[in-house]
Structure formats: structure tokens, C-alpha cells
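Novice: Contents of upload14.tsv (TSV, C-alpha atoms):
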chain	number	residue	atom	x	y	z
A	1	MET	CA	-11.86	-6.86	-6.63
A	2	THR	CA	-15.60	-6.42	-7.04
A	3	MET	CA	-17.75	-8.69	-4.93
A	4	SER	CA	-21.13	-9.72	-6.31
A	5	SER	CA	-24.10	-10.45	-4.05
A	6	PRO	CA	-24.96	-14.11	-3.42
A	7	GLU	CA	-28.18	-15.43	-4.82
A	8	THR	CA	-31.04	-16.15	-2.51
A	9	ILE	CA	-31.45	-19.90	-2.08
A	10	SER	CA	-34.98	-21.25	-2.07
A	11	GLU	CA	-36.05	-23.40	0.87
A	12	GLU	CA	-36.28	-26.37	-1.50
A	13	ARG	CA	-32.55	-26.05	-2.17
A	14	SER	CA	-31.41	-24.72	1.22
A	15	ARG	CA	-32.42	-27.85	3.17
A	16	PRO	CA	-30.18	-30.29	1.28
A	17	ILE	CA	-27.42	-27.65	1.15
A	18	ARG	CA	-27.48	-27.43	4.95
A	19	PHE	CA	-27.04	-31.20	5.13
A	20	ILE	CA	-24.18	-31.06	2.62
A	21	LYS	CA	-22.44	-28.23	4.50
A	22	ILE	CA	-22.25	-30.28	7.70
A	23	MET	CA	-21.67	-33.69	6.14
A	24	LEU	CA	-18.78	-32.47	3.98
A	25	PHE	CA	-16.55	-32.39	7.05
A	26	SER	CA	-16.68	-36.18	6.86
A	27	ALA	CA	-14.17	-35.84	4.00
A	28	SER	CA	-11.40	-35.38	6.57
A	29	ILE	CA	-12.92	-37.18	9.57
A	30	ILE	CA	-13.79	-40.43	7.80
A	31	PRO	CA	-10.28	-41.11	6.37
A	32	ALA	CA	-8.88	-40.50	9.86
A	33	ILE	CA	-11.30	-43.09	11.28
A	34	VAL	CA	-10.44	-45.66	8.61
A	35	ALA	CA	-6.68	-45.09	9.00
A	36	GLY	CA	-6.93	-45.34	12.78
A	37	SER	CA	-8.92	-48.57	12.50
A	38	LEU	CA	-6.35	-50.03	10.10
A	39	ALA	CA	-3.47	-49.17	12.43
A	40	TYR	CA	-5.40	-50.63	15.37
A	41	ALA	CA	-6.08	-53.81	13.39
A	42	ASP	CA	-2.33	-54.08	12.78
A	43	CYS	CA	-1.65	-53.70	16.53
A	44	TYR	CA	-0.52	-50.07	16.49
A	45	ILE	CA	-2.24	-47.92	19.09
A	46	ASN	CA	-1.62	-44.25	19.93
A	47	TRP	CA	-4.94	-42.57	20.62
A	48	ILE	CA	-3.47	-39.15	21.41
A	49	PHE	CA	-1.54	-38.96	18.13
A	50	TRP	CA	-4.58	-40.25	16.25
A	51	LEU	CA	-6.83	-37.60	17.79
A	52	LEU	CA	-4.35	-34.82	17.07
A	53	ALA	CA	-3.96	-35.97	13.46
A	54	ALA	CA	-7.75	-36.04	13.02
A	55	VAL	CA	-8.06	-32.52	14.47
A	56	GLY	CA	-5.29	-31.32	12.17
A	57	LEU	CA	-7.05	-32.73	9.12
A	58	PHE	CA	-10.33	-31.15	10.23
A	59	PHE	CA	-8.80	-27.68	10.59
A	60	GLY	CA	-6.95	-28.11	7.30
A	61	GLN	CA	-10.21	-28.84	5.50
A	62	ALA	CA	-12.01	-26.00	7.29
A	63	GLY	CA	-9.24	-23.56	6.36
A	64	ALA	CA	-9.42	-24.59	2.70
A	65	ASP	CA	-13.20	-24.13	2.75
A	66	TYR	CA	-12.97	-20.58	4.13
A	67	LEU	CA	-10.29	-19.63	1.61
A	68	TYR	CA	-12.32	-21.17	-1.22
A	69	TYR	CA	-15.31	-19.08	-0.14
A	70	PHE	CA	-13.22	-15.92	-0.20
A	71	PHE	CA	-11.34	-16.56	-3.45
A	72	THR	CA	-14.53	-17.44	-5.37
A	73	HIS	CA	-15.93	-13.98	-4.54
A	74	TYR	CA	-18.06	-15.35	-1.69
A	75	HIS	CA	-19.22	-18.37	-3.71
A	76	THR	CA	-20.45	-16.34	-6.70
A	77	ASP	CA	-17.57	-16.86	-9.14
A	78	SER	CA	-19.02	-17.31	-12.63
A	79	CYS	CA	-16.02	-19.49	-13.58
A	80	ASP	CA	-16.88	-22.08	-10.96
A	81	ALA	CA	-19.85	-24.41	-11.39
A	82	HIS	CA	-19.89	-25.29	-7.70
A	83	SER	CA	-20.19	-21.69	-6.53
A	84	LYS	CA	-23.03	-21.09	-9.00
A	85	ILE	CA	-25.32	-23.84	-7.75
A	86	PHE	CA	-24.25	-23.23	-4.16
A	87	ALA	CA	-24.32	-19.43	-4.44
A	88	GLY	CA	-25.30	-18.00	-1.07
A	89	TRP	CA	-23.75	-20.92	0.80
A	90	LYS	CA	-21.58	-19.63	3.64
A	91	PRO	CA	-19.09	-21.66	5.68
A	92	LEU	CA	-19.86	-22.11	9.36
A	93	PHE	CA	-19.90	-18.88	11.41
A	94	ILE	CA	-19.61	-16.62	8.34
A	95	GLY	CA	-22.48	-14.15	8.51
A	96	SER	CA	-22.97	-14.72	12.25
A	97	LEU	CA	-19.62	-14.39	14.04
A	98	PHE	CA	-17.58	-13.20	11.06
A	99	LYS	CA	-18.23	-11.01	8.02
A	100	ASN	CA	-17.81	-12.35	4.48
A	101	GLU	CA	-14.61	-10.43	3.87
A	102	HIS	CA	-13.10	-11.86	7.07
A	103	SER	CA	-13.29	-15.41	5.76
A	104	ILE	CA	-9.70	-15.17	4.52
A	105	TYR	CA	-8.48	-14.48	8.06
A	106	VAL	CA	-10.57	-17.30	9.49
A	107	GLY	CA	-9.21	-19.62	6.81
A	108	PHE	CA	-5.57	-18.86	7.55
A	109	SER	CA	-6.29	-19.09	11.30
A	110	CYS	CA	-7.59	-22.64	10.79
A	111	LEU	CA	-4.51	-23.49	8.73
A	112	PHE	CA	-2.34	-22.05	11.50
A	113	VAL	CA	-3.92	-24.45	14.01
A	114	ALA	CA	-3.23	-27.33	11.62
A	115	LEU	CA	0.35	-26.07	11.24
A	116	LEU	CA	0.86	-26.03	15.02
A	117	ILE	CA	-0.20	-29.67	15.16
A	118	GLY	CA	2.20	-30.41	12.31
A	119	VAL	CA	5.04	-28.70	14.20
A	120	TYR	CA	4.24	-30.79	17.27
A	121	PHE	CA	4.47	-33.97	15.20
A	122	PHE	CA	7.76	-32.72	13.73
A	123	PHE	CA	9.31	-32.53	17.19
A	124	GLN	CA	7.87	-35.93	18.08
A	125	LEU	CA	8.48	-37.84	14.85
A	126	GLY	CA	11.18	-36.00	12.96
A	127	THR	CA	11.63	-34.68	9.43
A	128	PRO	CA	9.52	-37.20	7.40
A	129	ILE	CA	6.26	-35.74	8.70
A	130	LEU	CA	7.18	-32.36	7.19
A	131	TRP	CA	6.56	-33.64	3.67
A	132	LEU	CA	3.02	-34.64	4.57
A	133	VAL	CA	2.36	-31.35	6.37
A	134	LEU	CA	3.78	-29.37	3.44
A	135	ALA	CA	1.67	-31.27	0.90
A	136	GLY	CA	-1.50	-30.76	2.93
A	137	GLY	CA	-0.80	-27.06	3.49
A	138	LEU	CA	-0.12	-26.36	-0.19
A	139	ILE	CA	-3.30	-28.14	-1.24
A	140	SER	CA	-5.35	-26.17	1.31
A	141	ILE	CA	-3.95	-22.84	0.09
A	142	PHE	CA	-4.09	-23.59	-3.65
A	143	PHE	CA	-7.31	-25.61	-3.64
A	144	THR	CA	-9.30	-22.85	-5.36
A	145	PRO	CA	-7.02	-22.44	-8.43
A	146	LEU	CA	-6.75	-26.24	-8.70
A	147	MET	CA	-10.55	-26.47	-8.83
A	148	LEU	CA	-10.89	-23.63	-11.32
A	149	HIS	CA	-8.37	-25.35	-13.60
A	150	GLY	CA	-10.37	-28.57	-13.72
A	151	LEU	CA	-8.28	-30.52	-11.22
A	152	LYS	CA	-10.91	-30.76	-8.50
A	153	GLU	CA	-11.61	-34.51	-8.68
A	154	PRO	CA	-7.93	-35.64	-8.82
A	155	THR	CA	-7.08	-33.25	-5.98
A	156	VAL	CA	-9.94	-34.49	-3.82
A	157	PHE	CA	-9.05	-38.12	-4.55
A	158	ILE	CA	-5.39	-37.69	-3.58
A	159	THR	CA	-6.05	-35.42	-0.59
A	160	PHE	CA	-8.88	-37.27	1.15
A	161	GLY	CA	-7.71	-40.69	0.04
A	162	PRO	CA	-3.98	-41.58	0.11
A	163	LEU	CA	-2.62	-38.34	1.63
A	164	CYS	CA	-4.95	-38.22	4.64
A	165	MET	CA	-4.74	-41.92	5.41
A	166	LEU	CA	-0.99	-42.12	4.91
A	167	GLY	CA	-0.52	-39.15	7.24
A	168	VAL	CA	-2.70	-40.53	10.02
A	169	ASP	CA	-1.16	-43.98	9.69
A	170	PHE	CA	2.35	-42.54	9.85
A	171	VAL	CA	1.81	-40.58	13.07
A	172	ILE	CA	0.43	-43.74	14.70
A	173	THR	CA	2.86	-46.34	13.34
A	174	GLN	CA	5.82	-44.02	12.64
A	175	LYS	CA	6.30	-45.94	9.40
A	176	PHE	CA	5.46	-45.28	5.77
A	177	ARG	CA	3.39	-48.33	4.85
A	178	LEU	CA	1.68	-49.44	1.66
A	179	ALA	CA	-1.39	-50.77	3.49
A	180	PRO	CA	-3.03	-47.36	4.20
A	181	VAL	CA	-2.47	-46.33	0.58
A	182	MET	CA	-4.24	-49.45	-0.71
A	183	VAL	CA	-7.10	-49.19	1.80
A	184	SER	CA	-7.45	-45.49	0.96
A	185	LEU	CA	-8.46	-46.26	-2.63
A	186	PRO	CA	-12.13	-47.10	-1.90
A	187	VAL	CA	-12.25	-44.07	0.40
A	188	GLY	CA	-10.80	-41.84	-2.31
A	189	PHE	CA	-13.12	-43.09	-5.05
A	190	LEU	CA	-16.23	-42.57	-2.92
A	191	VAL	CA	-15.31	-39.06	-1.82
A	192	THR	CA	-14.46	-38.22	-5.45
A	193	ILE	CA	-18.06	-39.07	-6.37
A	194	VAL	CA	-19.20	-36.34	-3.98
A	195	ALA	CA	-16.74	-33.87	-5.52
A	196	TYR	CA	-17.89	-34.78	-9.03
A	197	LEU	CA	-21.55	-34.28	-8.17
A	198	LYS	CA	-20.83	-30.91	-6.57
A	199	GLY	CA	-19.31	-29.69	-9.83
A	200	ALA	CA	-22.46	-29.93	-11.95
A	201	ARG	CA	-23.76	-26.92	-13.87
A	202	TYR	CA	-27.38	-26.13	-14.60
A	203	LYS	CA	-29.55	-23.99	-16.83
A	204	ILE	CA	-33.13	-22.82	-16.84
A	205	VAL	CA	-35.27	-23.94	-19.77
A	206	GLU	CA	-37.70	-21.24	-20.87
A	207	GLU	CA	-40.57	-23.62	-21.53
A	208	GLY	CA	-42.13	-24.31	-18.17
A	209	ASP	CA	-39.22	-22.62	-16.39
A	210	SER	CA	-37.74	-26.06	-15.69
A	211	GLU	CA	-34.16	-26.78	-14.66
A	212	ILE	CA	-31.65	-29.02	-16.40
A	213	ILE	CA	-28.41	-30.22	-14.84
A	214	LEU	CA	-25.52	-30.05	-17.30
A	215	ASN	CA	-22.10	-31.79	-17.54
A	216	LEU	CA	-23.21	-34.54	-15.17
A	217	LYS	CA	-22.75	-38.10	-16.45
A	218	PRO	CA	-24.27	-40.75	-14.16
A	219	LYS	CA	-22.03	-43.40	-15.76
A	220	ILE	CA	-18.97	-41.70	-14.26
A	221	VAL	CA	-20.55	-42.03	-10.82
A	222	LEU	CA	-21.27	-45.70	-11.51
A	223	ILE	CA	-17.69	-46.34	-12.67
A	224	LEU	CA	-16.23	-44.63	-9.60
A	225	SER	CA	-18.56	-46.65	-7.36
A	226	ILE	CA	-17.51	-49.93	-8.96
A	227	LEU	CA	-13.84	-48.96	-8.70
A	228	SER	CA	-14.27	-48.27	-4.99
A	229	TYR	CA	-15.66	-51.72	-4.27
A	230	ILE	CA	-13.18	-53.47	-6.58
A	231	SER	CA	-10.28	-51.70	-4.88
A	232	LEU	CA	-11.62	-52.79	-1.48
A	233	VAL	CA	-11.72	-56.41	-2.63
A	234	ALA	CA	-8.19	-56.02	-4.04
A	235	ALA	CA	-6.89	-54.63	-0.74
A	236	VAL	CA	-8.26	-57.70	1.03
A	237	ALA	CA	-7.13	-60.13	-1.69
A	238	PHE	CA	-3.54	-58.85	-1.48
A	239	LYS	CA	-3.71	-59.03	2.34
A	240	PHE	CA	-3.34	-55.33	3.05
A	241	CYS	CA	-6.28	-55.58	5.43
A	242	SER	CA	-8.56	-58.12	7.07
A	243	PRO	CA	-11.40	-59.84	5.13
A	244	TRP	CA	-13.71	-58.26	7.71
A	245	ALA	CA	-13.19	-54.98	5.83
A	246	LEU	CA	-15.43	-56.45	3.13
A	247	LEU	CA	-18.35	-55.33	5.30
A	248	GLY	CA	-18.02	-52.19	3.18
A	249	LEU	CA	-19.49	-54.13	0.26
A	250	LEU	CA	-22.87	-54.06	2.01
A	251	THR	CA	-23.49	-50.57	0.63
A	252	PHE	CA	-23.05	-51.54	-3.02
A	253	PRO	CA	-26.84	-51.74	-3.61
A	254	PHE	CA	-27.15	-48.19	-2.30
A	255	SER	CA	-24.53	-47.01	-4.80
A	256	LEU	CA	-26.71	-48.51	-7.53
A	257	ILE	CA	-29.69	-46.63	-6.11
A	258	LEU	CA	-27.66	-43.42	-6.29
A	259	TYR	CA	-26.92	-44.13	-9.96
A	260	ARG	CA	-30.61	-44.68	-10.69
A	261	ARG	CA	-31.51	-41.46	-8.88
A	262	LEU	CA	-29.12	-39.52	-11.07
A	263	LEU	CA	-30.71	-40.99	-14.20
A	264	VAL	CA	-34.16	-39.67	-13.27
A	265	GLN	CA	-33.37	-36.40	-11.46
A	266	LYS	CA	-35.15	-33.45	-13.06
A	267	LYS	CA	-34.62	-30.50	-10.73
A	268	ILE	CA	-31.74	-28.92	-8.85
A	269	ALA	CA	-33.30	-30.02	-5.55
A	270	ASP	CA	-33.25	-33.64	-6.79
A	271	TYR	CA	-29.61	-33.27	-7.72
A	272	LEU	CA	-28.75	-31.77	-4.32
A	273	TRP	CA	-30.47	-34.62	-2.47
A	274	ALA	CA	-28.54	-37.07	-4.66
A	275	THR	CA	-25.35	-35.34	-3.48
A	276	VAL	CA	-26.50	-35.81	0.13
A	277	TYR	CA	-27.15	-39.47	-0.66
A	278	SER	CA	-23.61	-39.84	-2.08
A	279	LEU	CA	-22.23	-38.48	1.19
A	280	VAL	CA	-24.30	-41.00	3.14
A	281	VAL	CA	-22.94	-43.85	0.99
A	282	PHE	CA	-19.39	-42.56	1.49
A	283	ILE	CA	-19.76	-42.28	5.27
A	284	VAL	CA	-21.57	-45.58	5.85
A	285	THR	CA	-19.29	-47.59	3.56
A	286	CYS	CA	-16.16	-46.31	5.28
A	287	LEU	CA	-17.64	-46.88	8.73
A	288	PHE	CA	-18.42	-50.46	7.76
A	289	ILE	CA	-14.82	-50.88	6.59
A	290	SER	CA	-13.60	-49.44	9.90
A	291	LEU	CA	-15.94	-51.69	11.86
A	292	GLY	CA	-14.60	-54.72	10.02
A	293	LEU	CA	-11.02	-53.72	10.81
A	294	ILE	CA	-11.82	-53.19	14.48
A	295	ILE	CA	-13.64	-56.54	14.67
A	296	SER	CA	-10.62	-58.29	13.17
A	297	ALA	CA	-8.33	-56.67	15.75
A	298	ARG	CA	-10.66	-57.55	18.62
A	299	GLY	CA	-10.86	-61.10	17.32
A	300	GLN	CA	-7.07	-61.37	17.48
A	301	GLU	CA	-7.10	-60.08	21.05
A	302	ILE	CA	-9.73	-62.63	22.09
A	303	MET	CA	-7.77	-65.48	20.51
A	304	TYR	CA	-4.57	-64.29	22.23
A	305	GLU	CA	-6.31	-64.02	25.63
A	306	ALA	CA	-7.82	-67.47	25.17
A	307	MET	CA	-4.42	-69.01	24.35
A	308	VAL	CA	-2.75	-67.33	27.33
A	309	GLY	CA	-5.57	-68.46	29.61
A	310	TYR	CA	-5.29	-72.03	28.33
A	311	LEU	CA	-1.51	-72.12	28.82
A	312	VAL	CA	-1.78	-70.64	32.31
Could I get this structure in the form of C-alpha cells?
Specialist:
Amino acid sequence: MTMSSPETISEERSRPIRFIKIMLFSASIIPAIVAGSLAYADCYINWIFWLLAAVGLFFGQAGADYLYYFFTHYHTDSCDAHSKIFAGWKPLFIGSLFKNEHSIYVGFSCLFVALLIGVYFFFQLGTPILWLVLAGGLISIFFTPLMLHGLKEPTVFITFGPLCMLGVDFVITQKFRLAPVMVSLPVGFLVTIVAYLKGARYKIVEEGDSEIILNLKPKIVLILSILSYISLVAAVAFKFCSPWALLGLLTFPFSLILYRRLLVQKKIADYLWATVYSLVVFIVTCLFISLGLIISARGQEIMYEAMVGYLV
């Protein structure tokens, strides 16, 4: 297999790409935080299992990223829009501790760590957890062909929405519940926006050597944003979570700002900063949801303590 050399990224593009590289790990961390907050709000607490599940998700995502880097010819695959705009992007420690061609070994090593955590949960929780571990492992390994066949957005939605949150909730509650699936919908829609933005193509216009972003429709971002907030309201309306979770609605104006930014972006650097902004909206919205869930749980504890104190 012939490996082509990555393009040199200009400083104008490299700064937002550095932000994106680090912030993308929120795709696994944030669902774990929201799922843990939901379980806590419903009076299920197991901090060790929660931490192990979060670490497992983190290593699963990292492994998929290293494998994706390797299987897209070091992020220079002409069939993949993402690797074209982000050509030259290397996962953490590639180029410093590890060579490009070693990324496949690093990727499978990360997946092995995630597998060990899955095996631990198997001995603690039994057979049901195997289905979640198997699904996550297959997605990590086959993420690249799924992306190259146009299934990136659905895969990201399912993986970092329902699958992650259902898995974390299960290891804490030891039950398969509908609540984490419903609360995962706003999480999934928001992280899908990030995935959609990262899939844009571009071309150079000869006149003035200007750049034009292709196959990027701001209306899709707007629709996904609206769906995320509607699904949050629905989760509260159907009593799958506390009304305090509606704190996540506070970021709706910022989603509208993101939409307006996409309408006026003219250069690749503008587009990359818009992707950073989408990550910020995703992270902050989900943290607000988590905060609301934690507040609701703490409120229940205070009421319980007050009642016990009054009776005593």
C-alpha cells in the first residue's frame, strides 16, 4: 500500500485543528458525564464503575482514531473528505513517541485496554454487558469503512449517543433502562453536528485563489440543533429526567449563532473555527444538562434530610 505524504497545514488552519484534536475526546467523555449524572439523579451511585466505563469509552475512541489515521493512509485518503481538509493531522503521540506506520499497533493497544475493562465488567455484571462491549468494539474497528461508505453521521449518532449512555448507565444501575436512551438523543444530535461539519469538502477557486467549502448545508446543522433541543424537552415532558435538565436549553442562542456563522464563512479557517464552536456548544449544552440532573438529585437529598430532621 503506497503512503502519500501529508500536506503541510498553514498556521491559520493548524490552530483550530489543534483545538479540534483535543476537544474531540469530549465525544466519549461527555456522554459518560451525562449518563453518570442521570443515574445519580435516579439514586444510583457507583463511582468506581462509572470511572471505569468512562475510561473504557475514552480508550475505545482513541483506538478508533488511531486506526482511522492508519487506514486512511495517514489522513491523506482522497476518498475521504475529512482526511483531505485535515491532511497532516496526527493523533496524539504520533510523530513524537510513535511513527506513522505504528499507529495501527497503538490503535489496537487502546482497544485492548478497553477490552480488558469490558472483561472486568463481564465478571462483575454477567453476559448482558458483552453485547455492549461487542457493539463498541466492532464500531471502533470498522469505523473507517463505515465513514468511507457515507455512514459517518448515523454511526456517530448511535455510538456517542444511545450506545455510550446506555452502556454507562447499565454498569451503574445494572439495568437496561429507557431513560438513558431518551436523554442521549440531544447528546447524539449535537455530536452529529460536529461529525457533519468535519465531513465538508473544499476547492480552490482560481480567481483570487479563494477557497469554497462544498457539500456543507447550514440548514442541516440548524435542523439537527433544533432536534437536539426538542428531544431534550420531550425527555423532560415524558418524565425520563428532571425538569432541571432544561438548563441545556440555555445554549440554543449559541446554536443559532453557529448557523449564522456557517452562512457567512468564506475560508477553510472560518469553517474550522465553526467546527470548534460546534464542539463548544456540544460540551456546554451537555454539561448544563448534567448540572441540572445533579441539582435535581441534590434537591431530593436536601428534602429527605429535612424530613428526617423534622421527624427526629
Novice: Can you tell me which residues surround A:Leu111 at a distance of at most 9 Å, considering only C-alpha atoms, apart from same-chain residues fewer than 6 positions away, and format the answer as a PyMOL selection string?
Specialist: chain A and resi 56+59-64+137+140-141
Novice: How far is it from atom CA of A:Val106 to atom CA of A:Tyr120, in Å with one decimal?
Specialist: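 Atom CA of A:Tyr120 lies at a distance of 21.5 Å from atom CA of A:Val106.
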Novice: Near A:Trp273, within 12 Å and counting all atoms listed in the file, which residues show up once chain neighbours fewer than 5 positions away are dropped, as an NGL selection string?
Specialist: :A and (12-20 or 194 or 197-198 or 258 or 261-262 or 265-268 or 278-280)
Novice: Find, counting all atoms listed in the file, the residue in A:Ala135, A:Leu190, A:Val264, A:Leu38 that gets nearest to A:Val221.
Specialist: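 Between A:Ala135, A:Leu190, A:Val264, A:Leu38, the residue approaching A:Val221 most closely is A:Leu190.
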Novice: Between A:Thr251, A:Thr285, A:Gln124, A:Ser184, single out the one closest to A:Val171, counting all atoms listed in the file.
Specialist: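 Among the listed residues, the smallest separation from A:Val171 belongs to A:Gln124.
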Novice: Give me the residues within 12 Å of stretch 172-175 of chain A as number ranges by chain, counting only C-alpha atoms and dropping any in the same chain fewer than 5 places off.
Specialist: A: 32, 35-54, 121-122, 124-129, 165-167, 180
Novice: Please measure the separation of atom CA of A:Ala179 and atom CA of A:Phe240, giving the value in Å to one decimal.
Specialist: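 Going from atom CA of A:Ala179 over to atom CA of A:Phe240, I get 5.0 Å.
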Novice: Between atom CA of A:His73 and atom CA of A:Phe108, what is the spacing in Å?
Specialist: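 Taking atom CA of A:Phe108 and atom CA of A:His73, their separation equals 16.7 Å.
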Novice: Show me, as a PyMOL selection string, the residues that have an atom within 10 Å of A:Leu92 when counting only C-alpha atoms, minus same-chain residues fewer than 3 positions from it.
Specialist: chain A and resi 21-22+62+65-66+89+95-98
Novice: Identify which of the residues A:Phe160, A:Phe238, A:Tyr259, A:Phe112 lies closest to A:Met182, counting all atoms listed in the file when measuring atom-to-atom distances.
Specialist: A:Phe238
Novice: Closest to A:Arg177 among A:Tyr196, A:Leu216, A:Val236, A:Pro162, using all atoms listed in the file?
Specialist: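 Closest residue, counting all atoms listed in the file: A:Pro162.
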Novice: Just checking: using only C-alpha atoms, which residue out of A:Asn100, A:Ser231, A:Asn215, A:Thr144 ends up closest to A:Val187?
Specialist: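 Looking at the shortest contact to A:Val187, the residue is A:Ser231.
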Novice: For each of A:Phe189, A:Phe93, A:Phe70, A:Trp244, take the minimum atom-to-atom distance to A:Ala297, counting only C-alpha atoms, then give the residue where this is smallest.
Specialist: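 The shortest atom-to-atom distance to A:Ala297 comes from A:Trp244.
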